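**Student:** Supplied structure: entry-v4.pdb, PDB, C-alpha atoms.
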ATOM      1  CA  ALA E  23      74.334   4.099  56.584
ATOM      2  CA  LEU E  24      76.548   5.432  59.335
ATOM      3  CA  VAL E  25      74.760   5.905  62.636
ATOM      4  CA  VAL E  26      76.463   8.128  65.192
ATOM      5  CA  CYS E  27      75.358   7.739  68.810
ATOM      6  CA  THR E  28      76.102  10.446  71.338
ATOM      7  CA  LEU E  29      76.149   9.403  74.992
ATOM      8  CA  ALA E  30      75.713  11.836  77.830
ATOM      9  CA  VAL E  31      78.274  11.314  80.537
ATOM     10  CA  VAL E  32      77.011  11.963  84.032
ATOM     11  CA  GLY E  33      79.595  12.841  86.653
ATOM     12  CA  LEU E  34      79.769  10.341  89.482
ATOM     13  CA  LEU E  35      81.412  12.606  91.985
ATOM     14  CA  ALA E  36      79.123  14.237  94.522
ATOM     15  CA  PRO E  37      79.488  18.006  94.604
ATOM     16  CA  ARG E  38      80.776  19.724  97.707
ATOM     17  CA  ALA E  39      78.033  21.418  99.650
ATOM     18  CA  SER E  40      77.453  23.249 102.874
ATOM     19  CA  GLY E  41      75.799  20.808 105.258
ATOM     20  CA  GLN E  42      78.487  18.163 104.877
ATOM     21  CA  THR E  43      81.072  17.003 107.376
ATOM     22  CA  PHE E  44      84.611  17.360 106.034
ATOM     23  CA  THR E  45      87.163  15.221 107.872
ATOM     24  CA  TRP E  46      90.918  15.769 107.849
ATOM     25  CA  ASN E  47      92.557  12.394 107.369
ATOM     26  CA  GLY E  48      96.132  13.605 107.154
ATOM     27  CA  THR E  49      98.891  13.003 109.667
ATOM     28  CA  ALA E  50     101.350  15.508 108.179
ATOM     29  CA  ASP E  51     101.334  19.224 107.373
ATOM     30  CA  GLY E  52      99.033  20.192 104.543
ATOM     31  CA  SER E  53      96.721  22.745 102.951
ATOM     32  CA  TRP E  54      92.936  22.869 103.042
ATOM     33  CA  SER E  55      92.847  23.363  99.260
ATOM     34  CA  ASP E  56      94.480  19.978  98.598
ATOM     35  CA  ALA E  57      91.805  17.921  96.836
ATOM     36  CA  SER E  58      94.020  14.938  96.029
ATOM     37  CA  ASN E  59      92.547  11.511  96.760
ATOM     38  CA  PRO E  60      94.023   9.951  98.733
ATOM     39  CA  GLY E  61      95.031  13.170 100.419
ATOM     40  CA  PRO E  62      94.504  15.050 103.644
ATOM     41  CA  TRP E  63      90.700  15.172 103.323
ATOM     42  CA  VAL E  64      88.559  12.032 103.378
ATOM     43  CA  GLY E  65      87.423  11.384  99.811
ATOM     44  CA  GLY E  66      89.429  14.352  98.566
ATOM     45  CA  LEU E  67      86.524  16.614  99.542
ATOM     46  CA  VAL E  68      87.762  20.120 100.320
ATOM     47  CA  PRO E  69      85.511  22.053 102.741
ATOM     48  CA  VAL E  70      83.116  24.628 101.357
ATOM     49  CA  SER E  71      82.189  27.736 103.308
ATOM     50  CA  GLY E  72      78.607  27.748 104.581
ATOM     51  CA  PRO E  73      76.433  27.748 107.722
ATOM     52  CA  GLY E  74      75.961  23.977 107.630
ATOM     53  CA  THR E  75      79.605  23.019 107.178
ATOM     54  CA  ILE E  76      81.230  20.849 109.854
ATOM     55  CA  VAL E  77      85.012  20.443 109.790
ATOM     56  CA  GLN E  78      86.522  17.616 111.841
ATOM     57  CA  PHE E  79      90.168  17.044 112.782
ATOM     58  CA  ASN E  80      91.385  13.784 114.319
ATOM     59  CA  ALA E  81      94.733  12.739 115.780
ATOM     60  CA  ASN E  82      96.102   9.992 118.004
ATOM     61  CA  GLY E  83      99.375   8.516 119.196
ATOM     62  CA  ALA E  84     102.100  11.141 118.829
ATOM     63  CA  VAL E  85     100.749  12.666 115.612
ATOM     64  CA  THR E  86     101.409  16.364 115.129
ATOM     65  CA  TYR E  87     100.522  18.426 112.070
ATOM     66  CA  SER E  88      99.602  21.871 110.768
ATOM     67  CA  ALA E  89      96.548  22.208 108.534
ATOM     68  CA  THR E  90      96.526  25.578 106.769
ATOM     69  CA  ASN E  91      93.301  27.088 105.465
ATOM     70  CA  ASP E  92      94.508  28.715 102.270
ATOM     71  CA  LEU E  93      91.015  29.036 100.783
ATOM     72  CA  SER E  94      89.902  32.520  99.673
ATOM     73  CA  ASP E  95      86.658  32.813 101.685
ATOM     74  CA  ASN E  96      86.770  35.848 103.991
ATOM     75  CA  PRO E  97      85.510  34.912 106.467
ATOM     76  CA  PHE E  98      85.316  31.157 106.047
ATOM     77  CA  ILE E  99      81.877  30.282 107.468
ATOM     78  CA  LEU E 100      81.163  26.995 109.189
ATOM     79  CA  ASN E 101      78.782  25.567 111.764
ATOM     80  CA  GLN E 102      81.203  23.495 113.799
ATOM     81  CA  LEU E 103      84.949  23.147 114.117
ATOM     82  CA  ASN E 104      85.500  19.807 115.859
ATOM     83  CA  PHE E 105      88.692  18.373 117.322
ATOM     84  CA  ASN E 106      88.844  14.728 118.342
ATOM     85  CA  THR E 107      92.445  14.238 119.401
ATOM     86  CA  THR E 108      94.138  12.000 121.932
ATOM     87  CA  SER E 109      97.577  12.734 120.497
ATOM     88  CA  SER E 110     100.484  13.803 122.666
ATOM     89  CA  GLY E 111     101.462  16.074 119.756
ATOM     90  CA  LEU E 112      99.958  19.451 118.896
ATOM     91  CA  VAL E 113      97.344  19.879 116.166
ATOM     92  CA  THR E 114      97.685  23.334 114.586
ATOM     93  CA  ILE E 115      95.106  25.057 112.399
ATOM     94  CA  ASN E 116      96.400  28.071 110.484
ATOM     95  CA  ASN E 117      94.358  30.610 108.561
ATOM     96  CA  PHE E 118      94.930  33.782 106.594
ATOM     97  CA  ASN E 119      91.307  34.956 106.694
ATOM     98  CA  PRO E 120      89.207  34.559 109.844
ATOM     99  CA  PHE E 121      86.747  31.800 110.546
ATOM    100  CA  GLY E 122      83.131  32.797 111.148
ATOM    101  CA  PHE E 123      80.143  30.770 112.289
ATOM    102  CA  GLY E 124      76.542  30.201 111.215
ATOM    103  CA  GLY E 125      73.695  27.759 111.542
ATOM    104  CA  THR E 126      72.320  26.090 114.674
ATOM    105  CA  ASN E 127      74.463  25.798 117.832
ATOM    106  CA  PRO E 128      77.660  27.004 116.147
ATOM    107  CA  GLY E 129      81.019  26.611 117.802
ATOM    108  CA  ILE E 130      84.251  24.785 118.554
ATOM    109  CA  ASN E 131      84.015  21.337 120.129
ATOM    110  CA  MET E 132      86.952  19.698 121.892
ATOM    111  CA  THR E 133      86.976  15.970 122.663
ATOM    112  CA  GLY E 134      89.857  13.829 123.878
ATOM    113  CA  THR E 135      93.018  14.761 125.727
ATOM    114  CA  GLY E 136      95.006  16.369 122.901
ATOM    115  CA  SER E 137      95.835  20.050 122.510
ATOM    116  CA  VAL E 138      95.003  22.360 119.608
ATOM    117  CA  LEU E 139      96.347  25.710 118.387
ATOM    118  CA  ILE E 140      94.343  27.960 116.027
ATOM    119  CA  GLN E 141      96.222  30.980 114.690
ATOM    120  CA  ASN E 142      96.273  33.526 111.869
ATOM    121  CA  LEU E 143      99.491  33.509 109.839
ATOM    122  CA  SER E 144      98.986  37.068 108.580
ATOM    123  CA  ALA E 145      98.687  38.611 112.073
ATOM    124  CA  GLY E 146      94.961  39.153 111.491
ATOM    125  CA  PHE E 147      91.856  38.063 113.345
ATOM    126  CA  VAL E 148      91.423  34.343 113.984
ATOM    127  CA  PHE E 149      87.624  34.448 114.385
ATOM    128  CA  ASP E 150      84.842  36.792 113.274
ATOM    129  CA  THR E 151      82.100  36.945 115.920
ATOM    130  CA  THR E 152      79.313  38.411 113.750
ATOM    131  CA  THR E 153      77.470  35.237 114.723
ATOM    132  CA  PRO E 154      78.065  34.458 118.433
ATOM    133  CA  PHE E 155      79.502  31.000 119.076
ATOM    134  CA  ASN E 156      80.392  28.493 121.773
ATOM    135  CA  ILE E 157      83.694  26.949 122.811
ATOM    136  CA  GLY E 158      83.550  23.754 124.839
ATOM    137  CA  GLY E 159      83.150  20.008 124.822
ATOM    138  CA  THR E 160      84.077  16.947 126.839
ATOM    139  CA  GLY E 161      87.795  17.160 126.063
ATOM    140  CA  THR E 162      90.507  17.904 128.605
ATOM    141  CA  GLY E 163      93.192  19.131 126.206
ATOM    142  CA  THR E 164      94.054  22.827 125.861
ATOM    143  CA  LEU E 165      92.676  24.935 123.033
ATOM    144  CA  THR E 166      94.888  27.938 122.249
ATOM    145  CA  ILE E 167      93.482  30.744 120.103
ATOM    146  CA  GLY E 168      95.986  33.178 118.677
ATOM    147  CA  GLY E 169      99.219  31.634 119.856
ATOM    148  CA  ASP E 170     101.788  33.528 121.900
ATOM    149  CA  THR E 171     100.933  36.907 120.437
ATOM    150  CA  ASP E 172      99.694  40.403 121.211
ATOM    151  CA  ASN E 173      97.782  40.453 117.925
ATOM    152  CA  PRO E 174      93.974  40.675 118.202
ATOM    153  CA  VAL E 175      92.239  37.332 117.827
ATOM    154  CA  LEU E 176      88.526  38.254 117.569
ATOM    155  CA  SER E 177      86.574  40.806 115.536
ATOM    156  CA  GLY E 178      82.949  41.915 115.557
ATOM    157  CA  ALA E 179      80.572  42.363 118.475
ATOM    158  CA  GLY E 180      79.222  38.869 119.100
ATOM    159  CA  ASN E 181      79.572  37.051 122.408
ATOM    160  CA  VAL E 182      81.692  33.937 122.882
ATOM    161  CA  ASN E 183      80.476  31.388 125.426
ATOM    162  CA  VAL E 184      82.913  28.994 127.122
ATOM    163  CA  ASN E 185      81.414  25.805 128.512
ATOM    164  CA  PHE E 186      83.600  22.739 129.108
ATOM    165  CA  ALA E 187      82.340  19.581 130.792
ATOM    166  CA  THR E 188      85.563  19.229 132.809
ATOM    167  CA  VAL E 189      87.224  22.317 134.260
ATOM    168  CA  GLY E 190      90.994  22.441 133.710
ATOM    169  CA  ASN E 191      93.696  24.012 135.835
ATOM    170  CA  ALA E 192      96.708  26.328 135.597
ATOM    171  CA  THR E 193      98.840  23.544 134.130
ATOM    172  CA  THR E 194      96.268  22.387 131.590
ATOM    173  CA  PRO E 195      93.694  25.128 131.057
ATOM    174  CA  ASN E 196      90.721  24.522 128.818
ATOM    175  CA  LEU E 197      91.383  27.697 126.841
ATOM    176  CA  ARG E 198      94.340  29.984 126.273
ATOM    177  CA  ILE E 199      93.503  33.108 124.313
ATOM    178  CA  GLY E 200      95.311  36.125 122.901
ATOM    179  CA  ASN E 201      94.409  39.810 122.757
ATOM    180  CA  LEU E 202      90.683  40.490 123.256
ATOM    181  CA  ALA E 203      90.819  44.270 123.583
ATOM    182  CA  ALA E 204      87.878  46.151 122.104
ATOM    183  CA  ALA E 205      90.279  48.815 120.889
ATOM    184  CA  VAL E 206      91.709  46.351 118.408
ATOM    185  CA  GLY E 207      88.487  45.010 116.983
ATOM    186  CA  TRP E 208      86.204  43.090 119.341
ATOM    187  CA  ASN E 209      83.228  44.503 121.239
ATOM    188  CA  GLY E 210      81.626  41.323 122.521
ATOM    189  CA  SER E 211      81.742  39.484 125.852
ATOM    190  CA  LEU E 212      83.560  36.317 126.848
ATOM    191  CA  ASN E 213      81.028  34.406 128.942
ATOM    192  CA  ILE E 214      82.811  31.744 130.980
ATOM    193  CA  GLN E 215      80.126  29.330 132.102
ATOM    194  CA  SER E 216      82.461  26.440 132.859
ATOM    195  CA  GLY E 217      86.172  26.192 132.159
ATOM    196  CA  TYR E 218      89.655  27.390 133.101
ATOM    197  CA  VAL E 219      90.681  30.270 130.835
ATOM    198  CA  MET E 220      94.132  31.875 130.696
ATOM    199  CA  ALA E 221      95.610  34.818 128.822
ATOM    200  CA  ASN E 222      98.186  33.926 126.208
ATOM    201  CA  ARG E 223      99.583  37.385 125.595
ATOM    202  CA  PRO E 224     103.287  37.930 126.242
ATOM    203  CA  GLY E 225     102.367  41.549 127.048
ATOM    204  CA  GLY E 226     100.046  40.733 129.954
ATOM    205  CA  ASP E 227      96.377  39.953 130.433
ATOM    206  CA  ALA E 228      93.995  39.187 127.584
ATOM    207  CA  ILE E 229      91.544  41.925 128.216
ATOM    208  CA  GLY E 230      91.522  45.547 127.207
ATOM    209  CA  SER E 231      88.033  47.044 127.395
ATOM    210  CA  SER E 232      86.107  43.912 126.427
ATOM    211  CA  THR E 233      84.111  42.114 129.096
ATOM    212  CA  ILE E 234      84.581  38.763 130.780
ATOM    213  CA  ILE E 235      81.541  37.293 132.521
ATOM    214  CA  SER E 236      82.211  34.258 134.674
TER     215      SER E 236
END
Could the structure of this file be written out as structure tokens, please?
**Tutor:**
Amino acid sequence: ALVVCTLAVVGLLAPRASGQTFTWNGTADGSWSDASNPGPWVGGLVPVSGPGTIVQFNANGAVTYSATNDLSDNPFILNQLNFNTTSSGLVTINNFNPFGFGGTNPGINMTGTGSVLIQNLSAGFVFDTTTPFNIGGTGTGTLTIGGDTDNPVLSGAGNVNVNFATVGNATTPNLRIGNLAAAVGWNGSLNIQSGYVMANRPGGDAIGSSTIIS
């Protein structure tokens, strides 16, 4: 008699889930959707939008790269956006849809001496502030939000708190930021608790009718 055995195959790959840390391992330009392994993401794990998601970018030496979020989530929600860079080169994060935050103690954390640029390639908002968030850390590099542009960088009505452990200066500010005018989308407050913040608009200061509290 012919006996046919059917075996169930169980996938060995862990599913992506909010609550994980997703670490960019690449040293060259790449896309967030690239799930190749080896590839830009450790383990080939592409970030998933969610209030527990932590996304980490590292760089050292003279490494410079652009990592473009080409995922469809609008906004892409995460808990923390972390930059650990000592590179003399610039780390650039591009998006087409804004980032938003969720979860406990959400925000952007800078460590190291390297500089970071976060910008929207479609001239849209870089961050959605529906959930208020923090910008800070122990790093001394400059974080630039929006690039050298008059385009609005924030939307919503949530507050953004700036709190760096080491205060920068006019040469190396902690934060450079684009257009914050309420007339173009943002009705929150920029609360500068500790840090050197500069406007990055070619057209003048960063503020229209939004509020800076320092």
**Student:** Which residue is closest to Leu139 in chain E? Choose from E:Val189, E:Leu212, E:Val182, E:Ile199 and count all atoms listed in the file.
**Tutor:** E:Ile199
**Student:** Using all atoms listed in the file, can you tell me which of E:Ser88, E:Asn209, E:Ser177, E:Asn80 comes closest to Gly134 in chain E?
**Tutor:**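 The answer is E:Asn80, which sits nearest to Gly134 in chain E.
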**Student:** What is the distance between CA of Thr114 in chain E and CA of Ile130 in chain E, in Å to one decimal?
**Tutor:**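 A separation of 14.1 Å between them.
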**Student:** Any idea what's packed within 10 Å of Gly65 in chain E, counting all atoms listed in the file, ignoring anything in its chain fewer than 6 positions away? Could you give it as number ranges by chain?
**Tutor:** E: 35, 44-47, 57-59
**Student:** Output the selection as a JSON list (two decimals), in the coordinates of the input - C-alpha atoms for each residue.
**Tutor:**
[["chain", "number", "residue", "atom", "x", "y", "z"],
["E", 35, "LEU", "CA", 81.41, 12.61, 91.98],
["E", 44, "PHE", "CA", 84.61, 17.36, 106.03],
["E", 45, "THR", "CA", 87.16, 15.22, 107.87],
["E", 46, "TRP", "CA", 90.92, 15.77, 107.85],
["E", 47, "ASN", "CA", 92.56, 12.39, 107.37],
["E", 57, "ALA", "CA", 91.80, 17.92, 96.84],
["E", 58, "SER", "CA", 94.02, 14.94, 96.03],
["E", 59, "ASN", "CA", 92.55, 11.51, 96.76]]
**Student:** Can you work out the spacing between CA of Met220 in chain E and CA of Gly200 in chain E in Å, to one decimal?
**Tutor:** 9.0 Å
**Student:** I need the output of the PyMOL selection byres ((chain E and resi 100) around 12) for this file as a PyMOL selection string; which residues are they?
**Tutor:** chain E and resi 39-44+69-78+95-99+101-104+120-130+149-150+153+155
**Student:** Can you translate the PyMOL selection byres ((chain E and resi 176) around 7) into the concrete residues it hits in this file, as a PDB file with C-alpha atoms, keeping the file's coordinate frame?
**Tutor:**
ATOM      1  CA  PHE E 147      91.856  38.063 113.345  1.00  0.00           C
ATOM      2  CA  VAL E 148      91.423  34.343 113.984  1.00  0.00           C
ATOM      3  CA  PHE E 149      87.624  34.448 114.385  1.00  0.00           C
ATOM      4  CA  ASP E 150      84.842  36.792 113.274  1.00  0.00           C
ATOM      5  CA  THR E 151      82.100  36.945 115.920  1.00  0.00           C
ATOM      6  CA  PRO E 174      93.974  40.675 118.202  1.00  0.00           C
ATOM      7  CA  VAL E 175      92.239  37.332 117.827  1.00  0.00           C
ATOM      8  CA  SER E 177      86.574  40.806 115.536  1.00  0.00           C
ATOM      9  CA  GLY E 178      82.949  41.915 115.557  1.00  0.00           C
ATOM     10  CA  LEU E 202      90.683  40.490 123.256  1.00  0.00           C
ATOM     11  CA  GLY E 207      88.487  45.010 116.983  1.00  0.00           C
ATOM     12  CA  TRP E 208      86.204  43.090 119.341  1.00  0.00           C
TER      13      TRP E 208
END
**Student:** In Å, how far is it from CA of Ser109 in chain E to CA of Met132 in chain E?
**Tutor:**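 Here the two named atoms are 12.8 Å from each other.
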**Student:** Which neighbours of Thr166 in chain E fall inside 10 Å, counting all atoms listed in the file, when residues of the same chain fewer than 4 positions from it are skipped, and could you give them as a ChimeraX atom specification?
**Tutor:** /E:114,137-141,170,195-200,219-222
